[in-house]
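Dumped model.tsv below, it's TSV, N, CA, C and O atoms:
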```tsv
chain	number	residue	atom	x	y	z
H	217	MET	N	17.19	-0.70	-21.70
H	217	MET	CA	17.21	0.20	-20.56
H	217	MET	C	16.01	-0.07	-19.67
H	217	MET	O	14.88	-0.10	-20.13
H	218	ASN	N	16.26	-0.32	-18.39
H	218	ASN	CA	15.17	-0.54	-17.44
H	218	ASN	C	14.57	0.78	-17.01
H	218	ASN	O	15.29	1.74	-16.74
H	219	GLN	N	13.25	0.83	-16.94
H	219	GLN	CA	12.58	2.02	-16.46
H	219	GLN	C	11.83	1.67	-15.17
H	219	GLN	O	11.15	0.66	-15.11
H	220	THR	N	11.99	2.53	-14.18
H	220	THR	CA	11.34	2.31	-12.90
H	220	THR	C	10.08	3.15	-12.82
H	220	THR	O	10.07	4.30	-13.27
H	221	VAL	N	9.01	2.56	-12.26
H	221	VAL	CA	7.76	3.28	-12.02
H	221	VAL	C	7.41	3.12	-10.55
H	221	VAL	O	7.88	2.20	-9.87
H	222	TYR	N	6.56	4.03	-10.08
H	222	TYR	CA	6.21	4.07	-8.66
H	222	TYR	C	4.70	4.01	-8.52
H	222	TYR	O	3.99	4.91	-8.97
H	223	LEU	N	4.22	2.95	-7.91
H	223	LEU	CA	2.79	2.73	-7.69
H	223	LEU	C	2.43	3.26	-6.31
H	223	LEU	O	3.01	2.85	-5.31
H	224	LEU	N	1.47	4.17	-6.27
H	224	LEU	CA	1.04	4.77	-5.00
H	224	LEU	C	-0.28	4.15	-4.58
H	224	LEU	O	-1.26	4.18	-5.32
H	225	VAL	N	-0.28	3.56	-3.39
H	225	VAL	CA	-1.45	2.87	-2.84
H	225	VAL	C	-1.76	3.44	-1.47
H	225	VAL	O	-0.86	3.83	-0.72
H	226	HIS	N	-3.06	3.47	-1.14
H	226	HIS	CA	-3.47	3.89	0.20
H	226	HIS	C	-4.30	2.78	0.83
H	226	HIS	O	-5.16	2.19	0.20
H	227	ARG	N	-4.01	2.50	2.11
H	227	ARG	CA	-4.76	1.50	2.88
H	227	ARG	C	-5.64	2.24	3.88
H	227	ARG	O	-5.16	3.01	4.71
H	228	HIS	N	-6.94	2.01	3.79
H	228	HIS	CA	-7.92	2.62	4.69
H	228	HIS	C	-8.51	1.53	5.57
H	228	HIS	O	-8.90	0.48	5.08
H	229	HIS	N	-8.55	1.77	6.85
H	229	HIS	CA	-9.07	0.78	7.79
H	229	HIS	C	-10.59	0.93	7.89
H	229	HIS	O	-11.11	1.88	8.48
H	230	ILE	N	-11.33	-0.01	7.31
H	230	ILE	CA	-12.78	0.04	7.25
H	230	ILE	C	-13.40	-0.01	8.64
H	230	ILE	O	-14.45	0.59	8.88
H	231	SER	N	-12.77	-0.67	9.57
H	231	SER	CA	-13.35	-0.88	10.90
H	231	SER	C	-13.30	0.36	11.78
H	231	SER	O	-13.77	0.33	12.91
H	232	LEU	N	-12.75	1.46	11.29
H	232	LEU	CA	-12.66	2.66	12.11
H	232	LEU	C	-14.03	3.28	12.37
H	232	LEU	O	-14.91	3.25	11.52
H	233	GLU	N	-14.17	3.87	13.53
H	233	GLU	CA	-15.36	4.66	13.83
H	233	GLU	C	-15.31	5.94	13.00
H	233	GLU	O	-14.23	6.45	12.70
H	234	PRO	N	-16.47	6.48	12.61
H	234	PRO	CA	-16.46	7.74	11.85
H	234	PRO	C	-15.67	8.82	12.59
H	234	PRO	O	-15.74	8.93	13.81
H	235	ASP	N	-14.92	9.57	11.84
H	235	ASP	CA	-14.12	10.69	12.33
H	235	ASP	C	-12.93	10.28	13.19
H	235	ASP	O	-12.28	11.12	13.79
H	236	SER	N	-12.64	8.98	13.30
H	236	SER	CA	-11.45	8.56	14.05
H	236	SER	C	-10.27	8.47	13.08
H	236	SER	O	-10.45	8.40	11.87
H	237	VAL	N	-9.08	8.47	13.62
H	237	VAL	CA	-7.87	8.40	12.82
H	237	VAL	C	-7.12	7.13	13.19
H	237	VAL	O	-6.97	6.81	14.37
H	238	ALA	N	-6.63	6.42	12.19
H	238	ALA	CA	-5.92	5.17	12.42
H	238	ALA	C	-4.45	5.41	12.67
H	238	ALA	O	-3.81	6.19	11.98
H	239	ALA	N	-3.92	4.72	13.65
H	239	ALA	CA	-2.48	4.72	13.87
H	239	ALA	C	-1.90	3.52	13.14
H	239	ALA	O	-2.42	2.43	13.23
H	240	ASP	N	-0.84	3.74	12.39
H	240	ASP	CA	-0.18	2.64	11.69
H	240	ASP	C	1.14	2.25	12.33
H	240	ASP	O	1.77	1.30	11.92
H	241	PHE	N	1.55	3.02	13.34
H	241	PHE	CA	2.80	2.74	14.03
H	241	PHE	C	2.61	2.88	15.53
H	241	PHE	O	1.82	3.70	15.99
H	242	LEU	N	3.33	2.07	16.29
H	242	LEU	CA	3.33	2.18	17.74
H	242	LEU	C	4.17	3.39	18.15
H	242	LEU	O	4.89	3.96	17.32
H	243	GLU	N	4.10	3.78	19.40
H	243	GLU	CA	4.85	4.94	19.88
H	243	GLU	C	6.35	4.82	19.66
H	243	GLU	O	7.04	5.81	19.45
H	244	ASP	N	6.88	3.58	19.68
H	244	ASP	CA	8.32	3.39	19.48
H	244	ASP	C	8.71	3.31	18.00
H	244	ASP	O	9.86	3.05	17.67
H	245	GLY	N	7.73	3.53	17.11
H	245	GLY	CA	8.01	3.52	15.68
H	245	GLY	C	7.82	2.18	15.00
H	245	GLY	O	7.93	2.07	13.78
H	246	GLU	N	7.56	1.13	15.77
H	246	GLU	CA	7.33	-0.19	15.18
H	246	GLU	C	5.99	-0.19	14.46
H	246	GLU	O	5.02	0.43	14.91
H	247	PRO	N	5.89	-0.92	13.33
H	247	PRO	CA	4.62	-0.96	12.60
H	247	PRO	C	3.52	-1.65	13.41
H	247	PRO	O	3.77	-2.61	14.14
H	248	LEU	N	2.32	-1.14	13.30
H	248	LEU	CA	1.13	-1.73	13.91
H	248	LEU	C	0.44	-2.53	12.83
H	248	LEU	O	0.11	-1.99	11.77
H	249	PHE	N	0.25	-3.82	13.04
H	249	PHE	CA	-0.31	-4.67	12.00
H	249	PHE	C	-1.82	-4.75	12.15
H	249	PHE	O	-2.35	-4.96	13.23
H	250	TRP	N	-2.50	-4.55	11.04
H	250	TRP	CA	-3.96	-4.61	10.97
H	250	TRP	C	-4.36	-5.86	10.20
H	250	TRP	O	-3.60	-6.40	9.41
H	251	ASP	N	-5.58	-6.29	10.40
H	251	ASP	CA	-6.15	-7.40	9.64
H	251	ASP	C	-6.54	-6.86	8.26
H	251	ASP	O	-7.45	-6.04	8.15
H	252	ASP	N	-5.84	-7.29	7.22
H	252	ASP	CA	-6.11	-6.78	5.87
H	252	ASP	C	-7.54	-7.02	5.41
H	252	ASP	O	-8.02	-6.34	4.51
H	253	SER	N	-8.25	-7.99	6.00
H	253	SER	CA	-9.62	-8.24	5.59
H	253	SER	C	-10.53	-7.09	6.00
H	253	SER	O	-11.65	-6.98	5.50
H	254	GLU	N	-10.07	-6.24	6.91
H	254	GLU	CA	-10.85	-5.09	7.33
H	254	GLU	C	-10.31	-3.80	6.70
H	254	GLU	O	-10.62	-2.71	7.14
H	255	ASP	N	-9.51	-3.94	5.66
H	255	ASP	CA	-8.91	-2.80	4.99
H	255	ASP	C	-9.41	-2.67	3.57
H	255	ASP	O	-9.81	-3.64	2.94
H	256	ASP	N	-9.38	-1.46	3.08
H	256	ASP	CA	-9.75	-1.14	1.71
H	256	ASP	C	-8.53	-0.49	1.08
H	256	ASP	O	-7.95	0.43	1.65
H	257	PHE	N	-8.13	-0.97	-0.08
H	257	PHE	CA	-6.96	-0.45	-0.75
H	257	PHE	C	-7.37	0.35	-1.97
H	257	PHE	O	-8.20	-0.09	-2.75
H	258	LYS	N	-6.77	1.53	-2.13
H	258	LYS	CA	-7.03	2.39	-3.28
H	258	LYS	C	-5.70	2.65	-3.99
H	258	LYS	O	-4.71	2.98	-3.34
H	259	ILE	N	-5.70	2.53	-5.30
H	259	ILE	CA	-4.54	2.92	-6.10
H	259	ILE	C	-4.73	4.37	-6.48
H	259	ILE	O	-5.71	4.73	-7.12
H	260	LEU	N	-3.78	5.21	-6.07
H	260	LEU	CA	-3.87	6.63	-6.38
H	260	LEU	C	-3.21	6.98	-7.70
H	260	LEU	O	-3.54	7.99	-8.30
H	261	GLY	N	-2.26	6.19	-8.12
H	261	GLY	CA	-1.62	6.49	-9.39
H	261	GLY	C	-0.32	5.76	-9.59
H	261	GLY	O	0.19	5.10	-8.70
H	262	LEU	N	0.19	5.90	-10.79
H	262	LEU	CA	1.46	5.31	-11.20
H	262	LEU	C	2.32	6.47	-11.69
H	262	LEU	O	1.92	7.21	-12.58
H	263	TYR	N	3.51	6.63	-11.09
H	263	TYR	CA	4.32	7.82	-11.31
H	263	TYR	C	5.70	7.46	-11.86
H	263	TYR	O	6.22	6.39	-11.59
H	264	SER	N	6.27	8.41	-12.58
H	264	SER	CA	7.58	8.20	-13.19
H	264	SER	C	8.73	8.43	-12.22
H	264	SER	O	9.84	7.97	-12.46
H	265	THR	N	8.46	9.14	-11.11
H	265	THR	CA	9.50	9.37	-10.10
H	265	THR	C	8.89	9.22	-8.71
H	265	THR	O	7.69	9.43	-8.50
H	266	ARG	N	9.74	8.86	-7.76
H	266	ARG	CA	9.30	8.77	-6.36
H	266	ARG	C	8.85	10.15	-5.86
H	266	ARG	O	7.88	10.27	-5.12
H	267	ARG	N	9.54	11.19	-6.29
H	267	ARG	CA	9.19	12.54	-5.86
H	267	ARG	C	7.75	12.90	-6.25
H	267	ARG	O	7.00	13.45	-5.44
H	268	LEU	N	7.33	12.56	-7.47
H	268	LEU	CA	5.97	12.85	-7.90
H	268	LEU	C	4.95	12.07	-7.06
H	268	LEU	O	3.89	12.59	-6.70
H	269	ALA	N	5.27	10.82	-6.74
H	269	ALA	CA	4.38	10.01	-5.90
H	269	ALA	C	4.27	10.62	-4.51
H	269	ALA	O	3.17	10.71	-3.95
H	270	GLU	N	5.38	11.05	-3.95
H	270	GLU	CA	5.37	11.64	-2.61
H	270	GLU	C	4.65	12.99	-2.59
H	270	GLU	O	3.98	13.33	-1.61
H	271	GLU	N	4.74	13.74	-3.67
H	271	GLU	CA	3.99	15.00	-3.76
H	271	GLU	C	2.49	14.73	-3.77
H	271	GLU	O	1.72	15.46	-3.17
H	272	ARG	N	2.09	13.65	-4.44
H	272	ARG	CA	0.67	13.28	-4.46
H	272	ARG	C	0.21	12.88	-3.07
H	272	ARG	O	-0.91	13.21	-2.65
H	273	VAL	N	1.04	12.19	-2.31
H	273	VAL	CA	0.71	11.83	-0.94
H	273	VAL	C	0.42	13.09	-0.13
H	273	VAL	O	-0.59	13.15	0.58
H	274	GLU	N	1.26	14.07	-0.23
H	274	GLU	CA	1.07	15.31	0.54
H	274	GLU	C	-0.25	15.99	0.18
H	274	GLU	O	-0.94	16.51	1.06
H	275	ARG	N	-0.61	15.99	-1.10
H	275	ARG	CA	-1.89	16.60	-1.50
H	275	ARG	C	-3.07	15.78	-1.02
H	275	ARG	O	-4.12	16.33	-0.66
H	276	ALA	N	-2.94	14.45	-0.99
H	276	ALA	CA	-4.07	13.57	-0.64
H	276	ALA	C	-4.31	13.46	0.86
H	276	ALA	O	-5.44	13.18	1.28
H	277	ARG	N	-3.29	13.67	1.68
H	277	ARG	CA	-3.42	13.47	3.13
H	277	ARG	C	-4.58	14.22	3.76
H	277	ARG	O	-5.15	13.77	4.74
H	278	SER	N	-4.95	15.36	3.24
H	278	SER	CA	-6.01	16.17	3.85
H	278	SER	C	-7.38	15.94	3.21
H	278	SER	O	-8.36	16.54	3.63
H	279	LEU	N	-7.47	15.06	2.23
H	279	LEU	CA	-8.73	14.82	1.55
H	279	LEU	C	-9.61	13.83	2.32
H	279	LEU	O	-9.09	12.96	3.04
H	280	PRO	N	-10.94	13.95	2.17
H	280	PRO	CA	-11.86	13.01	2.85
H	280	PRO	C	-11.47	11.56	2.55
H	280	PRO	O	-11.10	11.22	1.43
H	281	GLY	N	-11.57	10.73	3.55
H	281	GLY	CA	-11.21	9.33	3.42
H	281	GLY	C	-9.73	9.10	3.70
H	281	GLY	O	-9.37	8.34	4.58
H	282	PHE	N	-8.88	9.78	2.97
H	282	PHE	CA	-7.44	9.61	3.16
H	282	PHE	C	-6.98	10.17	4.50
H	282	PHE	O	-6.08	9.62	5.12
H	283	ARG	N	-7.58	11.23	4.97
H	283	ARG	CA	-7.12	11.87	6.21
H	283	ARG	C	-7.40	11.00	7.43
H	283	ARG	O	-6.80	11.20	8.47
H	284	ARG	N	-8.28	10.01	7.32
H	284	ARG	CA	-8.54	9.10	8.44
H	284	ARG	C	-7.40	8.10	8.63
H	284	ARG	O	-7.25	7.53	9.70
H	285	SER	N	-6.63	7.88	7.59
H	285	SER	CA	-5.45	7.00	7.66
H	285	SER	C	-4.28	7.74	7.03
H	285	SER	O	-3.80	7.38	5.96
H	286	PRO	N	-3.78	8.79	7.69
H	286	PRO	CA	-2.75	9.63	7.09
H	286	PRO	C	-1.42	8.92	6.85
H	286	PRO	O	-0.63	9.35	6.02
H	287	ASP	N	-1.18	7.83	7.56
H	287	ASP	CA	0.06	7.07	7.36
H	287	ASP	C	-0.18	5.82	6.52
H	287	ASP	O	0.68	4.93	6.48
H	288	GLY	N	-1.34	5.75	5.86
H	288	GLY	CA	-1.69	4.56	5.09
H	288	GLY	C	-1.19	4.58	3.65
H	288	GLY	O	-1.58	3.74	2.86
H	289	PHE	N	-0.33	5.53	3.31
H	289	PHE	CA	0.19	5.64	1.94
H	289	PHE	C	1.45	4.81	1.79
H	289	PHE	O	2.32	4.82	2.65
H	290	PHE	N	1.55	4.11	0.66
H	290	PHE	CA	2.71	3.29	0.37
H	290	PHE	C	3.11	3.50	-1.08
H	290	PHE	O	2.27	3.47	-1.97
H	291	VAL	N	4.40	3.71	-1.31
H	291	VAL	CA	4.94	3.84	-2.66
H	291	VAL	C	5.72	2.57	-2.95
H	291	VAL	O	6.68	2.25	-2.24
H	292	HIS	N	5.30	1.84	-3.96
H	292	HIS	CA	5.96	0.60	-4.36
H	292	HIS	C	6.74	0.84	-5.64
H	292	HIS	O	6.20	1.39	-6.60
H	293	GLU	N	7.98	0.43	-5.66
H	293	GLU	CA	8.86	0.63	-6.81
H	293	GLU	C	8.88	-0.63	-7.67
H	293	GLU	O	9.07	-1.74	-7.15
H	294	TYR	N	8.67	-0.46	-8.97
H	294	TYR	CA	8.69	-1.57	-9.91
H	294	TYR	C	9.53	-1.22	-11.13
H	294	TYR	O	9.57	-0.06	-11.55
H	295	THR	N	10.16	-2.23	-11.69
H	295	THR	CA	10.87	-2.08	-12.95
H	295	THR	C	9.98	-2.63	-14.05
H	295	THR	O	9.47	-3.75	-13.95
H	296	LEU	N	9.78	-1.82	-15.10
H	296	LEU	CA	8.95	-2.27	-16.22
H	296	LEU	C	9.55	-3.50	-16.87
H	296	LEU	O	10.77	-3.66	-16.93
H	297	ASP	N	8.68	-4.37	-17.34
H	297	ASP	CA	9.05	-5.60	-18.03
H	297	ASP	C	9.76	-6.61	-17.13
H	297	ASP	O	10.36	-7.57	-17.62
H	298	ASP	N	9.70	-6.42	-15.81
H	298	ASP	CA	10.28	-7.35	-14.86
H	298	ASP	C	9.19	-8.35	-14.46
H	298	ASP	O	8.15	-7.96	-13.93
H	299	THR	N	9.42	-9.62	-14.73
H	299	THR	CA	8.43	-10.65	-14.42
H	299	THR	C	8.36	-10.87	-12.92
H	299	THR	O	9.37	-11.10	-12.27
H	300	ARG	N	7.16	-10.78	-12.38
H	300	ARG	CA	6.92	-11.06	-10.96
H	300	ARG	C	6.32	-12.45	-10.85
H	300	ARG	O	5.49	-12.84	-11.65
H	301	TRP	N	6.71	-13.20	-9.84
H	301	TRP	CA	6.19	-14.54	-9.56
H	301	TRP	C	6.24	-15.44	-10.81
H	301	TRP	O	5.22	-15.96	-11.26
H	302	PRO	N	7.41	-15.66	-11.38
H	302	PRO	CA	7.52	-16.46	-12.61
H	302	PRO	C	7.02	-17.90	-12.44
H	302	PRO	O	6.61	-18.51	-13.42
H	303	ASP	N	7.01	-18.40	-11.22
H	303	ASP	CA	6.55	-19.77	-10.97
H	303	ASP	C	5.23	-19.81	-10.23
H	303	ASP	O	4.87	-20.83	-9.63
H	304	GLY	N	4.50	-18.68	-10.20
H	304	GLY	CA	3.23	-18.63	-9.48
H	304	GLY	C	3.47	-18.32	-8.01
H	304	GLY	O	4.57	-17.96	-7.60
H	305	PHE	N	2.42	-18.42	-7.20
H	305	PHE	CA	2.52	-18.19	-5.77
H	305	PHE	C	1.45	-18.99	-5.06
H	305	PHE	O	0.50	-19.46	-5.67
H	306	GLN	N	1.64	-19.18	-3.76
H	306	GLN	CA	0.71	-19.98	-2.97
H	306	GLN	C	-0.19	-19.09	-2.13
H	306	GLN	O	0.27	-18.11	-1.56
H	307	VAL	N	-1.45	-19.46	-2.06
H	307	VAL	CA	-2.40	-18.75	-1.21
H	307	VAL	C	-3.26	-19.76	-0.47
H	307	VAL	O	-3.48	-20.86	-0.93
H	308	GLY	N	-3.74	-19.34	0.70
H	308	GLY	CA	-4.70	-20.14	1.46
H	308	GLY	C	-4.34	-21.60	1.57
H	308	GLY	O	-3.27	-21.96	2.05
H	309	GLU	N	-5.22	-22.46	1.08
H	309	GLU	CA	-5.06	-23.90	1.24
H	309	GLU	C	-3.89	-24.47	0.45
H	309	GLU	O	-3.47	-25.58	0.70
H	310	ASP	N	-3.35	-23.72	-0.53
H	310	ASP	CA	-2.20	-24.19	-1.30
H	310	ASP	C	-0.93	-24.22	-0.46
H	310	ASP	O	0.01	-24.94	-0.79
H	311	ILE	N	-0.88	-23.41	0.59
H	311	ILE	CA	0.34	-23.34	1.39
H	311	ILE	C	0.59	-24.66	2.08
H	311	ILE	O	-0.29	-25.23	2.70
H	312	GLY	N	1.81	-25.15	1.94
H	312	GLY	CA	2.18	-26.39	2.60
H	312	GLY	C	1.85	-27.64	1.81
H	312	GLY	O	2.10	-28.74	2.26
H	313	THR	N	1.29	-27.49	0.62
H	313	THR	CA	1.01	-28.67	-0.20
H	313	THR	C	1.93	-28.65	-1.40
H	313	THR	O	2.43	-27.62	-1.82
H	314	SER	N	2.17	-29.80	-1.96
H	314	SER	CA	3.02	-29.87	-3.14
H	314	SER	C	2.16	-30.04	-4.38
H	314	SER	O	0.97	-30.38	-4.29
H	315	GLU	N	2.76	-29.85	-5.55
H	315	GLU	CA	2.03	-30.01	-6.80
H	315	GLU	C	1.59	-31.46	-7.01
H	315	GLU	O	0.61	-31.72	-7.68
H	316	ASN	N	2.33	-32.40	-6.40
H	316	ASN	CA	2.04	-33.82	-6.61
H	316	ASN	C	1.05	-34.39	-5.62
H	316	ASN	O	0.81	-35.57	-5.59
H	317	GLY	N	0.48	-33.55	-4.79
H	317	GLY	CA	-0.53	-34.13	-3.96
H	317	GLY	C	-0.53	-33.77	-2.56
H	317	GLY	O	-1.29	-34.06	-1.78
```
When written as structure tokens, how does the structure in this file appear?
Amino acid sequence: MNQTVYLLVHRHHISLEPDSVAADFLEDGEPLFWDDSEDDFKILGLYSTRRLAEERVERARSLPGFRRSPDGFFVHEYTLDDTRWPDGFQVGEDIGTSENG
């Protein structure tokens, strides 16, 4: 039997001025892309249901730090014992090169 878990993560934009609030979406609803190198990611928890993760989001939105990026919460769904990246993955200088050279 597969069991699903929900990982709750928050992205905070480090480059923000104190007391400013980050927009994560444009006025038309399209996502606004930030440079991840200027972001800080926090794991808030791992939950057995999406509802529990979303309830945690509602409680955290008004807390210091989180309230500066109120739309920075993301719930990621994972199946336990599911292998991710079975053949590895490419980063940085590995992109576009082959194993043979």
Give, as AutoDock Vina command-line options, the centre coordinates and the x, y and z edge lengths in Å to one decimal for an axis-aligned box around all listed atoms of region 274-288 of chain H, padded by 8 Å on each side.
```
--center_x -5.3 --center_y 10.2 --center_z 4.1 --size_x 29.1 --size_y 28.9 --size_z 27.2
```
| message | List as a ChimeraX atom specification the protein and nucleic acid residues near Leu223 (chain H), meaning an atom at most 4.5 Å away when all atoms listed in the file are counted, but skip any in the same chain fewer than 6 places from it. | response | /H:261,290-292
Output file for the selection above: N, CA, C and O atoms, as a CSV table (one decimal), in the coordinates of the input:
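Generated file (result-v6.csv):
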```
chain,number,residue,atom,x,y,z
H,261,GLY,N,-2.3,6.2,-8.1
H,261,GLY,CA,-1.6,6.5,-9.4
H,261,GLY,C,-0.3,5.8,-9.6
H,261,GLY,O,0.2,5.1,-8.7
H,290,PHE,N,1.6,4.1,0.7
H,290,PHE,CA,2.7,3.3,0.4
H,290,PHE,C,3.1,3.5,-1.1
H,290,PHE,O,2.3,3.5,-2.0
H,291,VAL,N,4.4,3.7,-1.3
H,291,VAL,CA,4.9,3.8,-2.7
H,291,VAL,C,5.7,2.6,-3.0
H,291,VAL,O,6.7,2.2,-2.2
H,292,HIS,N,5.3,1.8,-4.0
H,292,HIS,CA,6.0,0.6,-4.4
H,292,HIS,C,6.7,0.8,-5.6
H,292,HIS,O,6.2,1.4,-6.6
```
Within 8 Å of Ala269 (chain H), counting only N, CA, C and O atoms, which residues qualify if same-chain residues fewer than 3 places away don't, as a PDB file with N, CA, C and O atoms, in the frame of the given file?
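Just written: selection04.pdb:
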```pdb
ATOM      1  N   TYR H 222       6.560   4.030 -10.080  1.00  0.00           N
ATOM      2  CA  TYR H 222       6.210   4.070  -8.660  1.00  0.00           C
ATOM      3  C   TYR H 222       4.700   4.010  -8.520  1.00  0.00           C
ATOM      4  O   TYR H 222       3.990   4.910  -8.970  1.00  0.00           O
ATOM      5  N   LEU H 223       4.220   2.950  -7.910  1.00  0.00           N
ATOM      6  CA  LEU H 223       2.790   2.730  -7.690  1.00  0.00           C
ATOM      7  C   LEU H 223       2.430   3.260  -6.310  1.00  0.00           C
ATOM      8  O   LEU H 223       3.010   2.850  -5.310  1.00  0.00           O
ATOM      9  N   LEU H 224       1.470   4.170  -6.270  1.00  0.00           N
ATOM     10  CA  LEU H 224       1.040   4.770  -5.000  1.00  0.00           C
ATOM     11  C   LEU H 224      -0.280   4.150  -4.580  1.00  0.00           C
ATOM     12  O   LEU H 224      -1.260   4.180  -5.320  1.00  0.00           O
ATOM     13  N   VAL H 225      -0.280   3.560  -3.390  1.00  0.00           N
ATOM     14  CA  VAL H 225      -1.450   2.870  -2.840  1.00  0.00           C
ATOM     15  C   VAL H 225      -1.760   3.440  -1.470  1.00  0.00           C
ATOM     16  O   VAL H 225      -0.860   3.830  -0.720  1.00  0.00           O
ATOM     17  N   GLY H 261      -2.260   6.190  -8.120  1.00  0.00           N
ATOM     18  CA  GLY H 261      -1.620   6.490  -9.390  1.00  0.00           C
ATOM     19  C   GLY H 261      -0.320   5.760  -9.590  1.00  0.00           C
ATOM     20  O   GLY H 261       0.190   5.100  -8.700  1.00  0.00           O
ATOM     21  N   LEU H 262       0.190   5.900 -10.790  1.00  0.00           N
ATOM     22  CA  LEU H 262       1.460   5.310 -11.200  1.00  0.00           C
ATOM     23  C   LEU H 262       2.320   6.470 -11.690  1.00  0.00           C
ATOM     24  O   LEU H 262       1.920   7.210 -12.580  1.00  0.00           O
ATOM     25  N   TYR H 263       3.510   6.630 -11.090  1.00  0.00           N
ATOM     26  CA  TYR H 263       4.320   7.820 -11.310  1.00  0.00           C
ATOM     27  C   TYR H 263       5.700   7.460 -11.860  1.00  0.00           C
ATOM     28  O   TYR H 263       6.220   6.390 -11.590  1.00  0.00           O
ATOM     29  N   SER H 264       6.270   8.410 -12.580  1.00  0.00           N
ATOM     30  CA  SER H 264       7.580   8.200 -13.190  1.00  0.00           C
ATOM     31  C   SER H 264       8.730   8.430 -12.220  1.00  0.00           C
ATOM     32  O   SER H 264       9.840   7.970 -12.460  1.00  0.00           O
ATOM     33  N   THR H 265       8.460   9.140 -11.110  1.00  0.00           N
ATOM     34  CA  THR H 265       9.500   9.370 -10.100  1.00  0.00           C
ATOM     35  C   THR H 265       8.890   9.220  -8.710  1.00  0.00           C
ATOM     36  O   THR H 265       7.690   9.430  -8.500  1.00  0.00           O
ATOM     37  N   ARG H 266       9.740   8.860  -7.760  1.00  0.00           N
ATOM     38  CA  ARG H 266       9.300   8.770  -6.360  1.00  0.00           C
ATOM     39  C   ARG H 266       8.850  10.150  -5.860  1.00  0.00           C
ATOM     40  O   ARG H 266       7.880  10.270  -5.120  1.00  0.00           O
ATOM     41  N   ARG H 272       2.090  13.650  -4.440  1.00  0.00           N
ATOM     42  CA  ARG H 272       0.670  13.280  -4.460  1.00  0.00           C
ATOM     43  C   ARG H 272       0.210  12.880  -3.070  1.00  0.00           C
ATOM     44  O   ARG H 272      -0.910  13.210  -2.650  1.00  0.00           O
ATOM     45  N   VAL H 273       1.040  12.190  -2.310  1.00  0.00           N
ATOM     46  CA  VAL H 273       0.710  11.830  -0.940  1.00  0.00           C
ATOM     47  C   VAL H 273       0.420  13.090  -0.130  1.00  0.00           C
ATOM     48  O   VAL H 273      -0.590  13.150   0.580  1.00  0.00           O
ATOM     49  N   GLU H 274       1.260  14.070  -0.230  1.00  0.00           N
ATOM     50  CA  GLU H 274       1.070  15.310   0.540  1.00  0.00           C
ATOM     51  C   GLU H 274      -0.250  15.990   0.180  1.00  0.00           C
ATOM     52  O   GLU H 274      -0.940  16.510   1.060  1.00  0.00           O
ATOM     53  N   ARG H 275      -0.610  15.990  -1.100  1.00  0.00           N
ATOM     54  CA  ARG H 275      -1.890  16.600  -1.500  1.00  0.00           C
ATOM     55  C   ARG H 275      -3.070  15.780  -1.020  1.00  0.00           C
ATOM     56  O   ARG H 275      -4.120  16.330  -0.660  1.00  0.00           O
ATOM     57  N   ALA H 276      -2.940  14.450  -0.990  1.00  0.00           N
ATOM     58  CA  ALA H 276      -4.070  13.570  -0.640  1.00  0.00           C
ATOM     59  C   ALA H 276      -4.310  13.460   0.860  1.00  0.00           C
ATOM     60  O   ALA H 276      -5.440  13.180   1.280  1.00  0.00           O
ATOM     61  N   PHE H 290       1.550   4.110   0.660  1.00  0.00           N
ATOM     62  CA  PHE H 290       2.710   3.290   0.370  1.00  0.00           C
ATOM     63  C   PHE H 290       3.110   3.500  -1.080  1.00  0.00           C
ATOM     64  O   PHE H 290       2.270   3.470  -1.970  1.00  0.00           O
ATOM     65  N   VAL H 291       4.400   3.710  -1.310  1.00  0.00           N
ATOM     66  CA  VAL H 291       4.940   3.840  -2.660  1.00  0.00           C
ATOM     67  C   VAL H 291       5.720   2.570  -2.950  1.00  0.00           C
ATOM     68  O   VAL H 291       6.680   2.250  -2.240  1.00  0.00           O
TER      69      VAL H 291
END
```
| task | Rounded to one decimal place, report the atom N of Asp297 (chain H)-atom O of Asp256 (chain H) distance in Å. | result |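 So the answer is 25.7 Å.
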| message | For a quick check of understanding, using only C-alpha atoms, which of H:Thr295, H:Pro302, H:His226, H:Asn218 has the smallest distance to Arg277 (chain H)? | response | H:His226
| query | Quick one, how far is atom O of Phe289 (chain H) from atom N of Gly304 (chain H)? | reply |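 Going from atom O of Phe289 (chain H) over to atom N of Gly304 (chain H) covers 26.9 Å.
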